[in-house]
$ cat work-v7.tsv   # TSV, C-alpha atoms
chain	number	residue	atom	x	y	z
A	22	MET	CA	51.22	55.71	168.71
A	23	ARG	CA	50.44	59.28	167.86
A	24	ASN	CA	53.71	60.37	169.41
A	25	TYR	CA	55.53	57.80	167.36
A	26	PHE	CA	54.20	59.34	164.12
A	27	ARG	CA	55.04	62.83	165.31
A	28	PHE	CA	58.62	61.81	166.09
A	29	ALA	CA	58.93	59.97	162.77
A	30	ILE	CA	57.67	62.98	160.80
A	31	LEU	CA	59.90	65.30	162.79
A	32	GLY	CA	62.91	63.01	162.24
A	33	VAL	CA	62.32	62.74	158.49
A	34	SER	CA	61.84	66.52	158.25
A	35	GLY	CA	65.09	67.06	160.12
A	36	LEU	CA	66.98	64.68	157.84
A	37	VAL	CA	65.59	66.40	154.75
A	38	ALA	CA	66.57	69.82	156.09
A	39	LEU	CA	70.03	68.61	157.07
A	40	SER	CA	70.73	66.96	153.71
A	41	THR	CA	69.47	70.05	151.85
A	42	GLY	CA	71.77	72.28	153.91
A	43	VAL	CA	74.78	70.04	153.19
A	44	ALA	CA	73.98	69.96	149.47
A	45	VAL	CA	73.70	73.76	149.35
A	46	ALA	CA	76.98	74.19	151.25
A	47	VAL	CA	78.84	71.80	148.93
A	48	THR	CA	77.39	73.50	145.85
A	49	GLU	CA	78.38	76.96	147.09
A	50	LYS	CA	81.88	75.77	147.95
A	51	ASN	CA	82.40	74.24	144.49
A	52	SER	CA	80.97	77.20	142.60
A	53	GLY	CA	83.18	79.55	144.62
A	54	THR	CA	86.25	77.58	143.60
A	55	GLU	CA	85.22	77.54	139.95
A	56	SER	CA	84.52	81.26	139.84
A	57	ALA	CA	87.85	82.03	141.50
A	58	ALA	CA	89.62	79.88	138.92
A	59	ALA	CA	87.69	81.54	136.09
A	60	VAL	CA	88.67	85.01	137.31
A	61	SER	CA	92.38	84.21	137.78
A	62	PRO	CA	94.53	85.25	134.82
A	63	PRO	CA	96.61	82.62	133.05
A	64	PRO	CA	100.21	82.27	134.25
A	65	ILE	CA	102.74	84.55	132.61
A	66	VAL	CA	105.25	82.64	130.51
A	67	GLU	CA	108.00	84.63	128.80
A	68	ASP	CA	109.07	83.25	125.43
A	69	TYR	CA	111.54	86.09	124.73
A	70	SER	CA	110.18	86.71	121.22
A	71	TYR	CA	110.75	90.27	120.02
A	72	PRO	CA	107.56	92.39	120.33
A	73	GLY	CA	106.22	93.67	117.01
A	74	ALA	CA	108.72	91.57	115.04
A	75	ASP	CA	106.32	90.81	112.18
A	76	SER	CA	105.57	94.46	111.42
A	77	ILE	CA	109.28	95.39	111.72
A	78	GLU	CA	110.12	92.67	109.20
A	79	GLN	CA	107.44	93.90	106.78
A	80	GLN	CA	108.45	97.56	107.10
A	81	ARG	CA	112.24	97.27	107.30
A	82	GLY	CA	113.23	93.85	105.96
A	83	ILE	CA	115.00	92.83	109.16
A	84	ARG	CA	113.89	89.86	111.21
A	85	LEU	CA	114.18	90.31	114.98
A	86	ILE	CA	113.64	86.90	116.53
A	87	GLU	CA	114.21	86.94	120.28
A	88	GLY	CA	116.28	88.44	123.03
A	89	ASP	CA	116.47	89.25	126.70
A	90	GLY	CA	115.02	92.75	126.24
A	91	ASN	CA	118.35	94.48	126.86
A	92	ILE	CA	119.17	95.14	123.19
A	93	VAL	CA	116.36	96.98	121.41
A	94	LEU	CA	115.82	98.52	117.98
A	95	ALA	CA	116.36	102.30	118.08
A	96	ASP	CA	116.20	105.31	115.74
A	97	CYS	CA	119.68	105.78	114.29
A	98	GLY	CA	119.69	109.55	114.78
A	99	ALA	CA	118.61	109.33	118.41
A	100	SER	CA	122.09	108.93	119.93
A	101	ASP	CA	125.75	108.28	119.23
A	102	GLU	CA	125.69	105.43	121.75
A	103	LEU	CA	124.09	102.84	119.46
A	104	ILE	CA	125.21	99.67	117.74
A	105	GLU	CA	124.89	100.27	113.98
A	106	VAL	CA	124.33	97.56	111.36
A	107	TYR	CA	125.01	98.43	107.71
A	108	SER	CA	123.41	96.25	105.03
A	109	SER	CA	123.32	96.56	101.26
A	110	LYS	CA	119.83	95.02	101.21
A	111	THR	CA	118.13	96.99	104.01
A	112	GLU	CA	118.59	100.45	105.44
A	113	THR	CA	120.97	100.92	108.36
A	114	SER	CA	119.49	99.65	111.62
A	115	CYS	CA	120.57	100.72	115.10
A	116	TYR	CA	120.28	99.09	118.50
A	117	ARG	CA	120.44	100.41	122.05
A	118	VAL	CA	121.90	98.29	124.84
A	119	ILE	CA	119.97	98.78	128.06
A	120	GLY	CA	122.14	97.87	131.04
A	121	ASN	CA	125.50	96.15	131.01
A	122	THR	CA	124.71	93.04	128.97
A	123	GLY	CA	122.15	91.80	126.50
A	124	TYR	CA	121.50	89.63	123.49
A	125	LEU	CA	119.27	89.78	120.44
A	126	LYS	CA	118.81	87.04	117.84
A	127	MET	CA	118.02	88.37	114.39
A	128	GLU	CA	118.35	87.80	110.68
A	129	ILE	CA	119.68	90.73	108.67
A	130	PRO	CA	120.88	89.88	105.16
A	131	GLU	CA	123.86	91.29	103.28
A	132	VAL	CA	125.54	93.03	106.23
A	133	TYR	CA	128.90	94.56	105.35
A	134	THR	CA	129.83	96.68	108.42
A	135	LEU	CA	129.07	96.78	112.14
A	136	LYS	CA	129.76	99.67	114.51
A	137	GLY	CA	129.98	99.17	118.25
A	138	ASP	CA	128.66	101.44	120.96
A	139	ASP	CA	130.30	101.86	124.37
A	140	HIS	CA	129.94	98.11	125.10
A	141	ALA	CA	132.16	95.26	123.98
A	142	VAL	CA	129.96	93.51	121.40
A	143	GLU	CA	130.12	90.08	119.80
A	144	ALA	CA	128.24	89.53	116.55
A	145	THR	CA	127.45	86.13	115.10
A	146	VAL	CA	127.36	86.19	111.29
A	147	THR	CA	127.23	83.57	108.55
A	148	VAL	CA	129.31	83.89	105.42
A	149	LYS	CA	128.97	81.20	102.74
A	150	GLY	CA	127.10	79.00	105.23
A	151	GLN	CA	129.83	79.19	107.90
A	152	ALA	CA	128.95	80.81	111.24
A	153	GLU	CA	131.59	82.94	112.92
A	154	VAL	CA	131.71	85.23	115.93
A	155	VAL	CA	133.10	88.70	115.23
A	156	ASP	CA	134.38	90.95	118.02
A	157	VAL	CA	133.20	94.54	117.65
A	158	PRO	CA	135.36	96.81	119.84
A	159	LYS	CA	133.80	99.78	121.62
A	160	ASN	CA	132.91	102.64	119.26
A	161	SER	CA	134.69	100.98	116.31
A	162	PHE	CA	133.69	99.95	112.80
A	163	VAL	CA	134.28	96.32	111.78
A	164	PRO	CA	133.80	95.07	108.21
A	165	VAL	CA	132.13	91.66	107.76
A	166	GLY	CA	131.40	89.50	104.73
A	167	GLU	CA	131.89	91.46	101.51
A	168	GLY	CA	132.89	94.52	103.53
A	169	GLU	CA	135.98	92.67	104.70
A	170	ASN	CA	136.81	91.01	101.36
A	171	SER	CA	134.71	90.99	98.19
A	172	GLU	CA	135.45	87.28	97.73
A	173	ASN	CA	133.80	86.46	101.07
A	174	GLY	CA	130.28	86.97	99.78
A	175	PRO	CA	127.39	88.51	101.72
A	176	ALA	CA	127.12	88.06	105.48
A	177	THR	CA	123.91	87.50	107.41
A	178	LEU	CA	123.85	88.89	110.95
A	179	LEU	CA	122.35	86.32	113.33
A	180	GLU	CA	122.99	87.66	116.83
A	181	LEU	CA	124.33	90.58	118.84
A	182	ARG	CA	125.70	90.11	122.38
A	183	ALA	CA	126.89	92.90	124.63
$ encode --input "work-v7.tsv" --output "structure tokens"
Amino acid sequence: MRNYFRFAILGVSGLVALSTGVAVAVTEKNSGTESAAAVSPPPIVEDYSYPGADSIEQQRGIRLIEGDGNIVLADCGASDELIEVYSSKTETSCYRVIGNTGYLKMEIPEVYTLKGDDHAVEATVTVKGQAEVVDVPKNSFVPVGEGENSENGPATLLELRA
């Protein structure tokens, strides 16, 4: 009978040790997964909004909304190869096209002239609530809104596409 008790105690001890080992292994596996998930950065999702748009709007009065990153705001004196936007409400703003194509959605009030760079550019403007697409030939000036005809009223530039 003594042997029976020894085997019973040994068996119970073995079961306790085994179940403790399994519990520790499961806990370590789960905590490893959680810590790996906590360390991983969130996925990158591009929303195409223009970086620094709020401060540009406060400083310059132009609203840059979104684009593909291939048309960017530039210093007007930096180069002759820039798209130029002339407005009677804000100072002249200039844009550099990086690469062959690009687009930039914006809101610039009271635009009267656009100047193209060495790309063929299309500009979407609204005049008296009507949207229209204006072709801006390479390195040419194109009047829009009041710049084209004083009866047209002011134009708002909504988009540039190169």
$ closest_residue --input "work-v7.tsv" --among "A:Ala141, A:Val155, A:Leu181, A:Val93" --to "Tyr124 of chain A" --atoms "all atoms listed in the file"
A:Leu181
$ closest_residue --input "work-v7.tsv" --among "A:Asp89, A:Glu167, A:Glu172, A:Glu180" --to "Val146 of chain A" --atoms "only C-alpha atoms"
A:Glu180
$ atom_distance --input "work-v7.tsv" --atom1 "atom CA of Gly120 of chain A" --atom2 "atom CA of Asp139 of chain A"
11.3 Å
$ closest_residue --input "work-v7.tsv" --among "A:His140, A:Lys159, A:Arg117, A:Lys149" --to "Asn91 of chain A" --atoms "all atoms listed in the file"
A:Arg117
$ closest_residue --input "work-v7.tsv" --among "A:Ile104, A:Cys97, A:Leu85, A:Leu178" --to "Pro158 of chain A" --atoms "all atoms listed in the file"
A:Ile104
$ residues_around --input "work-v7.tsv" --residues "Gly98 of chain A" --least-positions-apart "5" --cutoff "12 Å" --atoms "all atoms listed in the file" --output "short mmCIF file (atom, residue, chain, number, x, y, z; two decimals) with C-alpha atoms, in the coordinates of the input"
data_model
loop_
_atom_site.label_atom_id
_atom_site.label_comp_id
_atom_site.auth_asym_id
_atom_site.auth_seq_id
_atom_site.Cartn_x
_atom_site.Cartn_y
_atom_site.Cartn_z
CA LEU A 103 124.09 102.84 119.46
CA ILE A 104 125.21 99.67 117.74
CA GLU A 105 124.89 100.27 113.98
CA THR A 113 120.97 100.92 108.36
CA SER A 114 119.49 99.65 111.62
CA CYS A 115 120.57 100.72 115.10
CA TYR A 116 120.28 99.09 118.50
CA ARG A 117 120.44 100.41 122.05
#
$ atom_distance --input "work-v7.tsv" --atom1 "atom CA of Asp101 of chain A" --atom2 "atom CA of Ile129 of chain A"
21.4 Å
$ closest_residue --input "work-v7.tsv" --among "A:Val132, A:Val154, A:Ile83, A:Ile77" --to "Ser109 of chain A" --atoms "all atoms listed in the file"
A:Val132
$ atom_distance --input "work-v7.tsv" --atom1 "atom CA of Arg81 of chain A" --atom2 "atom CA of Val157 of chain A"
23.5 Å
$ closest_residue --input "work-v7.tsv" --among "A:Ser161, A:Lys136, A:Tyr107, A:Leu179" --to "Glu87 of chain A" --atoms "only C-alpha atoms"
A:Leu179
$ residues_around --input "work-v7.tsv" --residues "segment 69-73 of chain A" --least-positions-apart "2" --cutoff "10 Å" --atoms "only C-alpha atoms" --output "list in words"
Val66, Glu67, Asp75, Ser76, Ile77, Glu78, Arg84, Leu85, Ile86, Glu87, Gly88, Asp89, Gly90, Val93, Leu94, Leu125, Lys126 and Met127 of chain A
